[in-house]
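Structure file entry-v6.tsv with TSV, C-alpha atoms:
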```
chain	number	residue	atom	x	y	z
M	1	ASP	CA	0.00	0.00	0.00
M	2	THR	CA	1.74	3.15	-1.22
M	3	GLU	CA	-1.14	5.55	-0.80
M	4	VAL	CA	-2.28	8.30	1.50
M	5	THR	CA	-6.07	8.27	1.71
M	6	GLN	CA	-8.02	11.39	2.57
M	7	THR	CA	-11.72	11.74	3.33
M	8	PRO	CA	-13.93	13.41	2.44
M	9	LYS	CA	-12.86	14.49	-1.05
M	10	HIS	CA	-15.16	17.51	-0.94
M	11	LEU	CA	-16.66	19.37	2.02
M	12	VAL	CA	-18.94	22.37	2.22
M	13	MET	CA	-19.44	23.78	5.69
M	14	GLY	CA	-20.94	26.83	7.31
M	15	MET	CA	-18.98	29.16	9.53
M	16	THR	CA	-20.64	27.77	12.66
M	17	ASN	CA	-20.14	24.10	11.79
M	18	LYS	CA	-17.67	21.63	13.26
M	19	LYS	CA	-16.20	19.09	10.86
M	20	SER	CA	-13.15	16.85	10.62
M	21	LEU	CA	-10.82	15.87	7.82
M	22	LYS	CA	-9.26	12.42	7.95
M	23	CYS	CA	-6.04	11.03	6.58
M	24	GLU	CA	-4.72	7.46	6.65
M	25	GLN	CA	-1.54	5.77	5.47
M	26	HIS	CA	-0.24	2.23	5.86
M	27	MET	CA	3.28	2.69	4.55
M	28	GLY	CA	4.83	2.68	8.01
M	29	HIS	CA	5.69	6.36	7.69
M	30	ARG	CA	6.19	8.01	11.06
M	31	ALA	CA	5.94	11.63	9.92
M	32	MET	CA	2.63	13.06	8.76
M	33	TYR	CA	1.73	16.53	7.60
M	34	TRP	CA	-1.16	18.85	6.87
M	35	TYR	CA	-0.78	21.34	4.03
M	36	LYS	CA	-3.15	24.01	2.75
M	37	GLN	CA	-3.16	24.97	-0.91
M	38	LYS	CA	-4.96	27.93	-2.46
M	39	ALA	CA	-5.57	28.13	-6.20
M	40	LYS	CA	-2.44	28.73	-8.30
M	41	LYS	CA	-0.23	28.73	-5.19
M	42	PRO	CA	2.12	26.07	-3.84
M	43	PRO	CA	1.12	24.07	-0.75
M	44	GLU	CA	1.74	25.76	2.60
M	45	LEU	CA	2.73	23.71	5.63
M	46	MET	CA	0.31	23.79	8.56
M	47	PHE	CA	1.33	21.00	10.96
M	48	VAL	CA	3.92	18.23	11.28
M	49	TYR	CA	3.54	15.13	13.41
M	50	SER	CA	6.53	12.94	14.11
M	51	TYR	CA	5.99	9.65	15.93
M	52	GLU	CA	2.46	10.80	16.74
M	53	LYS	CA	3.65	13.96	18.47
M	54	LEU	CA	3.08	17.45	17.14
M	55	SER	CA	6.48	18.79	16.21
M	56	ILE	CA	5.65	21.82	14.08
M	57	ASN	CA	2.70	24.22	14.13
M	58	GLU	CA	3.23	26.91	11.54
M	59	SER	CA	1.29	29.52	13.55
M	60	VAL	CA	-2.00	28.10	12.38
M	61	PRO	CA	-5.16	29.68	13.88
M	62	SER	CA	-6.76	27.68	16.67
M	63	ARG	CA	-9.87	27.08	14.59
M	64	PHE	CA	-7.75	24.32	13.01
M	65	SER	CA	-6.96	21.54	15.49
M	66	PRO	CA	-4.84	18.56	14.45
M	67	GLU	CA	-4.93	15.16	16.07
M	68	CYS	CA	-2.85	12.03	15.55
M	69	PRO	CA	-4.66	9.07	17.17
M	70	ASN	CA	-2.06	6.54	16.01
M	71	SER	CA	0.81	6.13	13.59
M	72	SER	CA	-1.50	5.58	10.61
M	73	LEU	CA	-4.11	8.26	11.18
M	74	LEU	CA	-4.10	12.03	11.13
M	75	ASN	CA	-7.15	14.21	11.65
M	76	LEU	CA	-7.79	17.91	11.23
M	77	HIS	CA	-10.69	19.26	13.27
M	78	LEU	CA	-12.34	22.38	11.93
M	79	HIS	CA	-14.46	24.83	13.89
M	80	ALA	CA	-15.71	28.35	13.21
M	81	LEU	CA	-13.89	28.64	9.91
M	82	GLN	CA	-13.94	31.70	7.70
M	83	PRO	CA	-14.65	31.85	3.96
M	84	GLU	CA	-10.95	32.61	3.33
M	85	ASP	CA	-10.16	29.17	4.77
M	86	SER	CA	-11.64	27.62	1.63
M	87	ALA	CA	-8.81	25.69	-0.02
M	88	LEU	CA	-7.46	22.26	-0.88
M	89	TYR	CA	-6.23	20.56	2.30
M	90	LEU	CA	-3.52	18.02	1.62
M	91	CYS	CA	-2.22	15.34	3.93
M	92	ALA	CA	1.24	13.91	3.34
M	93	SER	CA	3.52	11.37	4.94
M	94	SER	CA	7.21	10.50	4.85
M	95	GLN	CA	9.74	8.17	6.40
M	96	ASP	CA	10.75	10.14	9.45
M	97	ASN	CA	14.38	9.17	9.48
M	98	ASP	CA	15.00	9.51	5.76
M	99	ARG	CA	13.22	12.21	3.86
M	100	SER	CA	15.38	11.76	0.80
M	101	TYR	CA	12.61	9.63	-0.68
M	102	GLY	CA	10.25	12.57	-0.69
M	103	TYR	CA	6.75	12.84	0.61
M	104	THR	CA	3.58	11.10	-0.52
M	105	PHE	CA	0.52	13.29	-0.75
M	106	GLY	CA	-3.11	12.30	-0.44
M	107	SER	CA	-5.57	13.46	-3.06
M	108	GLY	CA	-6.80	16.20	-0.75
M	109	THR	CA	-10.05	17.51	0.63
M	110	ARG	CA	-11.48	20.45	-1.24
M	111	LEU	CA	-13.06	22.60	1.44
M	112	THR	CA	-15.55	25.38	0.84
M	113	VAL	CA	-16.64	27.55	3.76
M	114	VAL	CA	-19.90	29.38	3.20
G	1	ARG	CA	13.96	36.72	-1.12
G	2	LYS	CA	11.99	33.49	-1.43
G	3	GLU	CA	13.73	30.29	-0.38
G	4	VAL	CA	12.89	28.55	-3.64
G	5	GLU	CA	12.21	30.40	-6.87
G	6	GLN	CA	10.97	29.12	-10.19
G	7	ASP	CA	10.19	30.64	-13.55
G	8	PRO	CA	6.36	30.46	-13.51
G	9	GLY	CA	6.15	30.13	-17.29
G	10	PRO	CA	3.91	29.26	-18.91
G	11	PHE	CA	5.95	27.23	-21.33
G	12	ASN	CA	3.78	26.50	-24.33
G	13	VAL	CA	5.46	23.92	-26.56
G	14	PRO	CA	4.45	21.66	-29.45
G	15	GLU	CA	4.36	17.90	-29.08
G	16	GLY	CA	7.79	16.40	-29.54
G	17	ALA	CA	9.64	19.50	-28.39
G	18	THR	CA	12.18	19.68	-25.60
G	19	VAL	CA	11.45	22.00	-22.72
G	20	ALA	CA	13.69	22.83	-19.80
G	21	PHE	CA	13.41	25.07	-16.79
G	22	ASN	CA	15.28	25.83	-13.60
G	23	CYS	CA	14.69	26.40	-9.94
G	24	THR	CA	17.01	28.31	-7.62
G	25	TYR	CA	17.28	27.90	-3.87
G	26	SER	CA	18.75	30.29	-1.35
G	27	ASN	CA	19.80	28.02	1.51
G	28	SER	CA	23.15	26.38	0.90
G	29	ALA	CA	22.35	23.85	3.65
G	30	SER	CA	19.69	22.33	1.44
G	31	GLN	CA	19.81	18.58	1.58
G	32	SER	CA	17.24	16.97	-0.68
G	33	PHE	CA	15.71	18.06	-3.95
G	34	PHE	CA	12.67	16.90	-5.86
G	35	TRP	CA	10.48	17.67	-8.80
G	36	TYR	CA	6.77	17.17	-8.21
G	37	ARG	CA	4.09	17.31	-10.85
G	38	GLN	CA	0.65	18.72	-10.10
G	39	ASP	CA	-2.30	18.48	-12.45
G	40	CYS	CA	-5.18	20.93	-12.18
G	41	ARG	CA	-7.20	20.32	-8.99
G	42	LYS	CA	-5.11	17.26	-8.10
G	43	GLU	CA	-2.49	16.57	-5.47
G	44	PRO	CA	1.24	16.95	-6.11
G	45	LYS	CA	2.87	13.70	-7.19
G	46	LEU	CA	6.55	12.94	-6.94
G	47	LEU	CA	8.06	13.00	-10.41
G	48	MET	CA	11.66	12.38	-9.45
G	49	SER	CA	14.27	13.02	-6.83
G	50	VAL	CA	17.29	15.03	-7.94
G	51	TYR	CA	20.74	13.63	-7.19
G	52	SER	CA	24.08	15.39	-7.24
G	53	SER	CA	25.23	13.31	-10.17
G	54	GLY	CA	22.12	14.10	-12.16
G	55	ASN	CA	19.54	11.51	-13.00
G	56	GLU	CA	17.28	10.47	-15.80
G	57	ASP	CA	13.91	8.76	-15.86
G	58	GLY	CA	12.75	8.08	-19.38
G	59	ARG	CA	12.18	11.41	-21.10
G	60	PHE	CA	12.88	13.39	-17.93
G	61	THR	CA	16.33	14.53	-16.83
G	62	ALA	CA	17.06	16.33	-13.58
G	63	GLN	CA	20.29	18.11	-12.70
G	64	LEU	CA	21.59	19.64	-9.49
G	65	ASN	CA	24.20	22.38	-9.41
G	66	ARG	CA	25.18	22.95	-5.79
G	67	ALA	CA	27.76	25.61	-6.59
G	68	SER	CA	25.18	27.83	-8.27
G	69	GLN	CA	22.32	26.55	-6.10
G	70	TYR	CA	19.89	25.51	-8.75
G	71	ILE	CA	18.18	22.41	-10.05
G	72	SER	CA	16.80	21.85	-13.50
G	73	LEU	CA	14.27	19.66	-15.25
G	74	LEU	CA	14.40	18.78	-18.92
G	75	ILE	CA	11.57	17.04	-20.73
G	76	ARG	CA	12.39	15.49	-24.09
G	77	ASP	CA	9.89	14.49	-26.78
G	78	SER	CA	7.04	16.26	-24.97
G	79	LYS	CA	3.66	14.56	-24.85
G	80	LEU	CA	0.25	16.15	-24.41
G	81	SER	CA	0.06	14.35	-21.08
G	82	ASP	CA	3.10	16.27	-19.83
G	83	SER	CA	0.95	19.38	-19.52
G	84	ALA	CA	0.98	20.20	-15.82
G	85	THR	CA	2.53	22.44	-13.19
G	86	TYR	CA	5.97	21.29	-12.11
G	87	LEU	CA	6.88	22.12	-8.53
G	88	CYS	CA	10.46	22.38	-7.38
G	89	VAL	CA	10.79	21.13	-3.82
G	90	VAL	CA	13.72	21.48	-1.45
G	91	ILE	CA	14.26	20.04	2.00
G	92	PHE	CA	16.74	21.90	4.16
G	93	SER	CA	19.03	19.90	6.39
G	94	ASN	CA	17.46	18.66	9.62
G	95	ASP	CA	14.15	20.19	8.68
G	96	TYR	CA	10.79	18.60	8.09
G	97	LYS	CA	9.58	21.36	5.87
G	98	LEU	CA	9.17	20.94	2.17
G	99	SER	CA	10.00	24.29	0.64
G	100	PHE	CA	8.03	24.65	-2.56
G	101	GLY	CA	8.69	26.82	-5.52
G	102	ALA	CA	5.65	28.54	-6.98
G	103	GLY	CA	5.56	26.07	-9.86
G	104	THR	CA	6.29	26.17	-13.58
G	105	THR	CA	3.34	25.65	-15.89
G	106	VAL	CA	3.97	23.61	-19.01
G	107	THR	CA	1.39	23.26	-21.76
G	108	VAL	CA	2.08	20.85	-24.62
G	109	ARG	CA	-0.05	21.49	-27.70
G	110	ALA	CA	-0.89	19.13	-30.53
```
Whole structure given in structure tokens:
Amino acid sequence: DTEVTQTPKHLVMGMTNKKSLKCEQHMGHRAMYWYKQKAKKPPELMFVYSYEKLSINESVPSRFSPECPNSSLLNLHLHALQPEDSALYLCASSQDNDRSYGYTFGSGTRLTVV
Amino acid sequence: RKEVEQDPGPFNVPEGATVAFNCTYSNSASQSFFWYRQDCRKEPKLLMSVYSSGNEDGRFTAQLNRASQYISLLIRDSKLSDSATYLCVVIFSNDYKLSFGAGTTVTVRA
């Protein structure tokens, strides 16, 4: 299994809603990431988990809350989002001790906040 | 100055043509280098890693020039299916962050 699976693929939510994005990988990767990508821009790093511990938070607003329940799963909890948070949210994973093989991205969740 | 800079293009080339473009990086402690391909509304997919000795994968050739701090990608015999945005990605030493260039758009026309 060489895939990163993200659900849902599309999500429309209101500004008062609470929703969660899910990401799963079974490649034995111990580093997992959340990225945000706006149209015609490169992905921007949000969070890094290494061995299920949060190691990097790129000053992301608290309305985004990551969670890593185990080594295969990564969640992103969303609450009170703003329309400008609409974007493609990408999960990625990598071998923690050797990043020379690059990162594998999931197909993303396209989020629209209304 | 951005950490990773790319010529945004677009490069509009006919089928069968050769197209090449570069990416410069500012941090000399950069450790790993990659080219990713991203199709419209899809996720980035690893095209190839870039090694110091240069490497080739079919019609794609990647080069790394550490002295001048740039990497390059050359596509030979372009196919319509090569139309995409090509993202230059750099990992700095001891860092988890992927530093992305803004992407180079390539359009191959029939």
Using atom CA of M:Glu58 and atom CA of G:Val90 as the two end points, give the distance in Å to one decimal.
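Distance between the two atoms: 17.6 Å.
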When you look at stretch 11-19 of chain G with a cut-off of 8 Å (counting all atoms listed in the file), what residues show up, excluding the ones that are within fewer than 3 positions of it in the same chain? I need them as a PDB file with C-alpha atoms, keeping the file's coordinate frame.
```pdb
ATOM      1  CA  LEU G  74      14.400  18.780 -18.920  1.00  0.00           C
ATOM      2  CA  ILE G  75      11.570  17.040 -20.730  1.00  0.00           C
ATOM      3  CA  ARG G  76      12.390  15.490 -24.090  1.00  0.00           C
ATOM      4  CA  ASP G  77       9.890  14.490 -26.780  1.00  0.00           C
ATOM      5  CA  SER G  78       7.040  16.260 -24.970  1.00  0.00           C
ATOM      6  CA  LYS G  79       3.660  14.560 -24.850  1.00  0.00           C
ATOM      7  CA  LEU G  80       0.250  16.150 -24.410  1.00  0.00           C
ATOM      8  CA  THR G 104       6.290  26.170 -13.580  1.00  0.00           C
ATOM      9  CA  THR G 105       3.340  25.650 -15.890  1.00  0.00           C
ATOM     10  CA  VAL G 106       3.970  23.610 -19.010  1.00  0.00           C
ATOM     11  CA  THR G 107       1.390  23.260 -21.760  1.00  0.00           C
ATOM     12  CA  VAL G 108       2.080  20.850 -24.620  1.00  0.00           C
ATOM     13  CA  ARG G 109      -0.050  21.490 -27.700  1.00  0.00           C
ATOM     14  CA  ALA G 110      -0.890  19.130 -30.530  1.00  0.00           C
TER      15      ALA G 110
END
```
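Each of G:Ile71, G:Leu87, G:Met48, G:Leu64 was compared to G:Thr24 using only C-alpha atoms, and G:Ile71 turns out to be the nearest.
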Could you give me, as CSV, every chain G residue with an atom at most 6 Å from chain M, plus its closest atom pair and distance in Å to one decimal, counting only C-alpha atoms, rows ordered by chain then number?
```
residue,atom,partner,partner_atom,distance
G:Ser32,CA,M:Ser100,CA,5.7
G:Glu43,CA,M:Ser107,CA,5.0
G:Ala102,CA,M:Pro42,CA,5.3
```
Which residues are near G:Phe34? Cut-off 12 Å, only C-alpha atoms, ignore same chain within fewer than 3 positions. Put them as a ChimeraX atom specification.
/M:99-103 /G:4,23,30-31,37,44-52,54-55,61-64,70-73,86-92,98-101
Could you turn the residues from that selection into a file that holds C-alpha atoms, as a CSV table (one decimal), in the frame of the given file?
```
chain,number,residue,atom,x,y,z
M,99,ARG,CA,13.2,12.2,3.9
M,100,SER,CA,15.4,11.8,0.8
M,101,TYR,CA,12.6,9.6,-0.7
M,102,GLY,CA,10.2,12.6,-0.7
M,103,TYR,CA,6.8,12.8,0.6
G,4,VAL,CA,12.9,28.6,-3.6
G,23,CYS,CA,14.7,26.4,-9.9
G,30,SER,CA,19.7,22.3,1.4
G,31,GLN,CA,19.8,18.6,1.6
G,37,ARG,CA,4.1,17.3,-10.8
G,44,PRO,CA,1.2,17.0,-6.1
G,45,LYS,CA,2.9,13.7,-7.2
G,46,LEU,CA,6.6,12.9,-6.9
G,47,LEU,CA,8.1,13.0,-10.4
G,48,MET,CA,11.7,12.4,-9.4
G,49,SER,CA,14.3,13.0,-6.8
G,50,VAL,CA,17.3,15.0,-7.9
G,51,TYR,CA,20.7,13.6,-7.2
G,52,SER,CA,24.1,15.4,-7.2
G,54,GLY,CA,22.1,14.1,-12.2
G,55,ASN,CA,19.5,11.5,-13.0
G,61,THR,CA,16.3,14.5,-16.8
G,62,ALA,CA,17.1,16.3,-13.6
G,63,GLN,CA,20.3,18.1,-12.7
G,64,LEU,CA,21.6,19.6,-9.5
G,70,TYR,CA,19.9,25.5,-8.8
G,71,ILE,CA,18.2,22.4,-10.0
G,72,SER,CA,16.8,21.8,-13.5
G,73,LEU,CA,14.3,19.7,-15.2
G,86,TYR,CA,6.0,21.3,-12.1
G,87,LEU,CA,6.9,22.1,-8.5
G,88,CYS,CA,10.5,22.4,-7.4
G,89,VAL,CA,10.8,21.1,-3.8
G,90,VAL,CA,13.7,21.5,-1.4
G,91,ILE,CA,14.3,20.0,2.0
G,92,PHE,CA,16.7,21.9,4.2
G,98,LEU,CA,9.2,20.9,2.2
G,99,SER,CA,10.0,24.3,0.6
G,100,PHE,CA,8.0,24.6,-2.6
G,101,GLY,CA,8.7,26.8,-5.5
```
Residue neighbourhood M:Asn75, 9 Å, all atoms listed in the file, exclusion window fewer than 4 positions, as a PyMOL selection string:
chain M and resi 20-24+34+65-69
Spatial neighbours of M:Leu11, 8 Å, only C-alpha atoms, chain gap at least 2 places, as a list in words
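What passes the distance filter is Pro8, Lys9, Met13, Thr109, Arg110, Leu111 and Thr112 of chain M.
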Exercise: M:Gln82 partners within 12 Å, all atoms listed in the file, chain neighbours under 2 positions left out, as a PyMOL selection string
chain M and resi 12-17+61+63-64+78-80+84-87+111-114
Quick one: distance from atom CA of G:Tyr36 to atom CA of M:Leu73 in Å, one decimal?
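One can read the atom CA of G:Tyr36 to atom CA of M:Leu73 distance as 24.0 Å.
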When you draw a straight line from atom CA of M:Lys38 to atom CA of G:Ser28, how long is it in Å?
28.4 Å
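Of the listed residues (M:Lys53, M:Gln95, M:His77, M:Val60), M:Gln95 comes nearest to M:His29; the distances count all atoms listed in the file.
Ranking G:Ser93, G:Thr85, G:Asn27, G:Asn65 by their shortest atom-to-atom distance to G:Gln6, with only C-alpha atoms included, puts G:Thr85 first.
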